[in-house]
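One structure is given here, and the rest of the page talks about it.
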Amino acid sequence: MTFLVQLLAWLVAMFIAAWVFRFAGQRVPWKQEALYVYFRDMNYMVAFGFVLAFVALYWSVILYFFREVTFFMWAVNGLIFFSISGFLFRLLGRRVGTELSRKIFRDMPITAAFGILTILVYAVLAIFADLIAPYGQAEVFDSINVLPGGNPELGGNPNFLLGTDQLGRDLLSRLIYGAQNTVGIAFVTTCLAFLIGATFGFLAAALGGWVDQITSRVVDALMAIPQLIFALLLMTIATAWAGSDKALIMVYMVVIIAFLDSTRVYRLARAVGLNIVVMDYIEAARIRGENLTYLIFREILPNATAPLLAEFGLRFCFVFLTIAALSFLGIGIQPPLADWGTMVRDLSQFINFAAFSPLTAALPLMAAGAIALLTVAVNFVVDWMLHKSSGLKE
């Protein structure tokens, strides 16, 4: 009850402060005409937004410098580190490389530079996981539930910087191999989804008629069912068919997720294709007697590249999260392969030790953070690509 009273008091104080802020801004004799016009036309919600931002900044300073909340301090330090990394990467890209790459980096915001840098780091971890990881992903040691940090006095081991799990596997190695398995499988699945969806979407747009009607109605029926629930149902059936063959279960998972995600790609490809096939150059190609393959690969596809690339980034995020969710539920990537979704599930019990060992409690958050970081990075790059392809300027 006390918390609700305090929250209500804060809200009332913020509403009053917003009114005072707007009222004072409208009464101050500003020397700059722009400031006078800005405060004169300011509505109440904009003023409340300024007050809310000030309160958020105030509590951020309190939590970081005075309360010293561990996870909040890590988040702030991470935000600062990633911002500086994105800035330095963009600065390097403007000075190193070809003229085209330097021009791209000159027009690139820091968020997109950070996204590209993060994607490159994940790609290096995924490709060279065998060389980077100190141990194998399925390698089991006698040391079980070793605490992270590497300090023997606190139950750690310098050979296992992030500790070991309940089976004695090195968590740092499994976190690195998770990039290879989770991200690699998600990339392959997204490519397969685009191959299926774009092919049928362009065929429906180019042929029309009964081909368009049949494929569109099938896609409508599939999209009417929530994707995750449908994937769970199909994966349950596939798991029963595959039995104990873990490799076959993963193949089924890739095909099922790609098939379900291809419906979204189909919708975009068909919509973009319908806008292209009515153009004069398509009609000229038809008159010249060009076949369907020429129309799709030489006329439609080059003009649909920008929206498809942007959609590829978004679809990759959704596929990536779907695989992590299925693995968290136990029907995704199968052990002994390392997977971030499975790691979150297996290590979730360590969150209970937050009051005693923040680093131990952060173990499941590391896997979850790896998922969140890649998702945010890909969306930064996708937003930048959409901004460039739309022709909008700052």
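By order of appearance in the structure tokens: chains A, B, ..., then residues from 1 within every chain, and ligands from 1 in the order shown.
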Just list the residues in segment 45-264 of chain A DSSP gives strand (DSSP E or B) on the backbone, as a PyMOL selection string. chain A and resi 140+157+160+164+169-170
Please provide as a CSV table (one decimal) with N, CA, C and O atoms, in the first residue's frame all residues within 8 Å of Asp339 of chain A, with the sequence filter that same-chain residues fewer than 5 positions apart are discarded (counting only C-alpha atoms).
chain,number,residue,atom,x,y,z
A,174,ARG,N,30.2,-22.9,-23.9
A,174,ARG,CA,28.8,-23.1,-24.4
A,174,ARG,C,28.2,-21.8,-24.9
A,174,ARG,O,27.4,-21.8,-25.8
A,175,LEU,N,28.5,-20.7,-24.2
A,175,LEU,CA,28.0,-19.4,-24.7
A,175,LEU,C,28.5,-19.0,-26.0
A,175,LEU,O,27.8,-18.5,-26.9
A,177,TYR,N,29.7,-21.3,-28.3
A,177,TYR,CA,29.2,-22.2,-29.3
A,177,TYR,C,27.7,-21.9,-29.5
A,177,TYR,O,27.1,-22.3,-30.6
A,178,GLY,N,27.0,-21.3,-28.6
A,178,GLY,CA,25.6,-20.9,-28.8
A,178,GLY,C,25.5,-20.0,-30.0
A,178,GLY,O,24.4,-20.0,-30.7
A,179,ALA,N,26.5,-19.1,-30.2
A,179,ALA,CA,26.4,-18.2,-31.4
A,179,ALA,C,26.5,-19.0,-32.7
A,179,ALA,O,25.8,-18.7,-33.6
A,181,ASN,N,25.5,-22.2,-33.1
A,181,ASN,CA,24.3,-23.0,-33.3
A,181,ASN,C,23.1,-22.2,-33.5
A,181,ASN,O,22.4,-22.3,-34.5
A,182,THR,N,22.8,-21.3,-32.5
A,182,THR,CA,21.6,-20.5,-32.6
A,182,THR,C,21.5,-19.6,-33.8
A,182,THR,O,20.6,-19.6,-34.6
A,324,ALA,N,15.0,-19.7,-30.2
A,324,ALA,CA,15.3,-19.6,-28.8
A,324,ALA,C,14.2,-20.0,-27.9
A,324,ALA,O,14.3,-20.7,-26.9
A,327,SER,N,13.7,-23.8,-28.1
A,327,SER,CA,14.8,-24.5,-27.3
A,327,SER,C,14.5,-24.3,-25.8
A,327,SER,O,14.8,-25.2,-25.0
A,333,ILE,N,16.7,-26.8,-30.5
A,333,ILE,CA,18.0,-27.3,-30.7
A,333,ILE,C,18.3,-28.3,-29.6
A,333,ILE,O,18.2,-28.0,-28.4
Neighbouring residues of Val381 of chain A were defined as those with any atom within 7 Å, considering only C-alpha atoms; residues of the same chain fewer than 4 positions away were excluded. Please report them as a PyMOL selection string. chain A and resi 112+115-116+377+385
Write out, as a PDB file, in the first residue's frame, the residues just selected, with C-alpha atoms.
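Final file, again_3.pdb:
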ATOM      1  CA  ALA A 112      23.751   1.386 -37.577  1.00  0.00           C
ATOM      2  CA  GLY A 115      24.608  -2.862 -35.305  1.00  0.00           C
ATOM      3  CA  ILE A 116      27.062  -3.777 -38.042  1.00  0.00           C
ATOM      4  CA  ALA A 377      21.682  -4.777 -33.519  1.00  0.00           C
ATOM      5  CA  MET A 385      18.410   0.311 -44.580  1.00  0.00           C
TER       6      MET A 385
END
How many Å lie between atom CA of Ser60 of chain A and atom CA of Ser357 of chain A, rounded to one decimal? 22.5 Å
Any idea what's packed within 10 Å of Tyr266 of chain A, counting only C-alpha atoms, ignoring anything in its chain fewer than 4 positions away? Could you give it as a PyMOL selection string? chain A and resi 193-204+215-216+219+261-262+270-272
Check which residues of segment 183-279 of chain A sit at most 12 Å from segment 122-133 of chain A using only C-alpha atoms, and return one row each with the closest pair of atoms and their distance in Å to one decimal, ordered by chain and rising number, as a tab-separated table.
residue	atom	partner	partner_atom	distance
A:Val183	CA	A:Ala126	CA	7.3
A:Gly184	CA	A:Ala126	CA	6.9
A:Ile185	CA	A:Ala126	CA	10.4
A:Ala186	CA	A:Ala126	CA	11.7
A:Phe187	CA	A:Ala123	CA	10.7
Would you mind exporting all heavy atoms of the selected residues as a compact mmCIF listing (two decimals), in the first residue's frame?
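The result, stored in part_25.txt:
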# COMPACT_ATOMS: atom_id res chain seq x y z
N VAL A 183 22.59 -18.79 -33.94
CA VAL A 183 22.62 -17.81 -35.02
C VAL A 183 22.77 -18.50 -36.37
O VAL A 183 22.11 -18.13 -37.35
CB VAL A 183 23.77 -16.81 -34.79
CG1 VAL A 183 23.82 -15.79 -35.93
CG2 VAL A 183 23.58 -16.09 -33.46
N GLY A 184 23.63 -19.52 -36.44
CA GLY A 184 23.83 -20.21 -37.72
C GLY A 184 22.57 -20.89 -38.21
O GLY A 184 22.20 -20.77 -39.39
N ILE A 185 21.88 -21.60 -37.32
CA ILE A 185 20.64 -22.27 -37.71
C ILE A 185 19.56 -21.25 -38.07
O ILE A 185 18.79 -21.45 -39.02
CB ILE A 185 20.18 -23.21 -36.58
CG1 ILE A 185 21.18 -24.35 -36.42
CG2 ILE A 185 18.79 -23.76 -36.86
CD1 ILE A 185 20.89 -25.26 -35.25
N ALA A 186 19.52 -20.13 -37.33
CA ALA A 186 18.54 -19.08 -37.64
C ALA A 186 18.80 -18.48 -39.02
O ALA A 186 17.85 -18.19 -39.78
CB ALA A 186 18.56 -18.00 -36.58
N PHE A 187 20.06 -18.30 -39.38
CA PHE A 187 20.39 -17.73 -40.69
C PHE A 187 19.98 -18.68 -41.81
O PHE A 187 19.39 -18.26 -42.81
CB PHE A 187 21.89 -17.44 -40.75
CG PHE A 187 22.34 -16.83 -42.05
CD1 PHE A 187 22.11 -15.50 -42.32
CD2 PHE A 187 22.99 -17.61 -43.01
CE1 PHE A 187 22.51 -14.94 -43.53
CE2 PHE A 187 23.39 -17.07 -44.20
CZ PHE A 187 23.16 -15.72 -44.47
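The two atoms in question, atom CA of Ala367 of chain A and atom CA of Asp170 of chain A, are spaced 13.7 Å apart.
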Give me the residues within 10 Å of Met42 of chain A as a PDB file with C-alpha atoms, in the first residue's frame, counting only C-alpha atoms and dropping any in the same chain fewer than 3 places off.
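What ended up in selection_13.pdb:
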ATOM      1  CA  ARG A  22       5.060  24.832 -19.538  1.00  0.00           C
ATOM      2  CA  PHE A  23       3.583  27.871 -17.769  1.00  0.00           C
ATOM      3  CA  GLY A  25       8.332  28.604 -20.423  1.00  0.00           C
ATOM      4  CA  GLN A  26       5.454  30.562 -21.925  1.00  0.00           C
ATOM      5  CA  TYR A  36       9.378  31.559 -27.711  1.00  0.00           C
ATOM      6  CA  VAL A  37       7.406  29.840 -30.469  1.00  0.00           C
ATOM      7  CA  TYR A  38       8.361  26.382 -29.152  1.00  0.00           C
ATOM      8  CA  PHE A  39       7.049  27.022 -25.635  1.00  0.00           C
ATOM      9  CA  MET A  45       2.004  16.003 -22.839  1.00  0.00           C
ATOM     10  CA  VAL A  46       5.246  17.347 -24.307  1.00  0.00           C
ATOM     11  CA  ALA A  47       5.909  19.196 -21.055  1.00  0.00           C
TER      12      ALA A  47
END
Name all residues at most 10 Å from Ala206 of chain A (count only C-alpha atoms; drop same-chain ones fewer than 3 positions away) and give them as a compact mmCIF listing (two decimals) with N, CA, C and O atoms, in the first residue's frame.
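The resulting file, out_34.txt, is shown below:
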# COMPACT_ATOMS: atom_id res chain seq x y z
N PHE A 200 7.23 -18.15 -54.42
CA PHE A 200 5.78 -18.22 -54.63
C PHE A 200 5.16 -16.83 -54.71
O PHE A 200 4.16 -16.63 -55.43
N GLY A 201 5.71 -15.85 -53.99
CA GLY A 201 5.17 -14.50 -54.07
C GLY A 201 5.35 -13.87 -55.43
O GLY A 201 4.42 -13.27 -55.98
N PHE A 202 6.54 -14.02 -56.00
CA PHE A 202 6.78 -13.48 -57.33
C PHE A 202 6.00 -14.24 -58.40
O PHE A 202 5.52 -13.65 -59.38
N LEU A 203 5.86 -15.57 -58.22
CA LEU A 203 5.05 -16.33 -59.18
C LEU A 203 3.59 -15.88 -59.14
O LEU A 203 2.95 -15.72 -60.19
N GLY A 209 -4.25 -14.83 -61.64
CA GLY A 209 -5.25 -15.85 -61.90
C GLY A 209 -5.37 -16.87 -60.79
O GLY A 209 -5.30 -16.54 -59.60
N VAL A 211 -3.33 -19.24 -59.89
CA VAL A 211 -2.10 -19.43 -59.11
C VAL A 211 -2.09 -18.45 -57.94
O VAL A 211 -1.81 -18.82 -56.78
N ASP A 212 -2.41 -17.20 -58.20
CA ASP A 212 -2.46 -16.19 -57.15
C ASP A 212 -3.54 -16.51 -56.12
O ASP A 212 -3.31 -16.39 -54.90
N ARG A 270 4.70 -10.76 -52.85
CA ARG A 270 3.55 -10.61 -53.74
C ARG A 270 3.13 -9.15 -53.86
O ARG A 270 2.83 -8.66 -54.96
N GLY A 273 5.76 -7.37 -55.84
CA GLY A 273 5.69 -7.84 -57.22
C GLY A 273 4.50 -7.29 -57.98
O GLY A 273 4.62 -6.94 -59.17
N LEU A 274 3.36 -7.17 -57.33
CA LEU A 274 2.17 -6.61 -57.99
C LEU A 274 2.38 -5.16 -58.38
O LEU A 274 1.83 -4.69 -59.40
N ILE A 276 5.23 -3.96 -59.27
CA ILE A 276 6.24 -3.93 -60.33
C ILE A 276 5.69 -4.42 -61.67
O ILE A 276 6.02 -3.87 -62.72
N VAL A 277 4.85 -5.45 -61.65
CA VAL A 277 4.40 -6.05 -62.91
C VAL A 277 3.52 -5.11 -63.74
O VAL A 277 3.28 -5.39 -64.92
N VAL A 278 3.02 -4.05 -63.15
CA VAL A 278 2.19 -3.11 -63.91
C VAL A 278 3.03 -2.02 -64.58
O VAL A 278 2.48 -1.15 -65.27
N ILE A 282 7.94 -3.91 -67.73
CA ILE A 282 7.49 -5.29 -67.65
C ILE A 282 6.65 -5.62 -68.88
O ILE A 282 6.79 -6.69 -69.50
N LEU A 292 9.07 -16.39 -68.26
CA LEU A 292 8.76 -16.09 -66.86
C LEU A 292 10.03 -15.97 -66.03
O LEU A 292 10.12 -15.12 -65.14
N LEU A 295 11.52 -12.55 -66.48
CA LEU A 295 10.74 -11.50 -65.83
C LEU A 295 11.01 -11.47 -64.32
O LEU A 295 11.15 -10.40 -63.73
N ILE A 296 11.10 -12.64 -63.70
CA ILE A 296 11.28 -12.69 -62.25
C ILE A 296 12.69 -12.30 -61.85
O ILE A 296 12.89 -11.46 -60.95
N ILE A 300 11.77 -8.23 -61.97
CA ILE A 300 11.07 -8.05 -60.69
C ILE A 300 12.05 -8.06 -59.51
O ILE A 300 12.03 -7.15 -58.67
Picked from segment 161-390 of chain A by DSSP as alpha helix (DSSP H), as an MDAnalysis selection string: chainID A and resid 171:178 184:207 209:223 227:242 246:277 280:288 292:294 301:303 305:328 340:347 358:361 363:390
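Among the candidates A:Leu88, A:Leu365, A:Val5, A:Leu373, the residue lying nearest to Leu321 of chain A is A:Leu373 (atoms considered: only C-alpha atoms).
For the choices A:Asn291, A:Phe21, A:Thr360, A:Ile237, the atom-to-atom distance to Gly155 of chain A is smallest for A:Thr360 when using only C-alpha atoms.
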From the set A:Ala338, A:Val319, A:Leu8, A:Leu171, which residue has the shortest atom-to-atom contact distance to Val188 of chain A, counting only C-alpha atoms? A:Val319
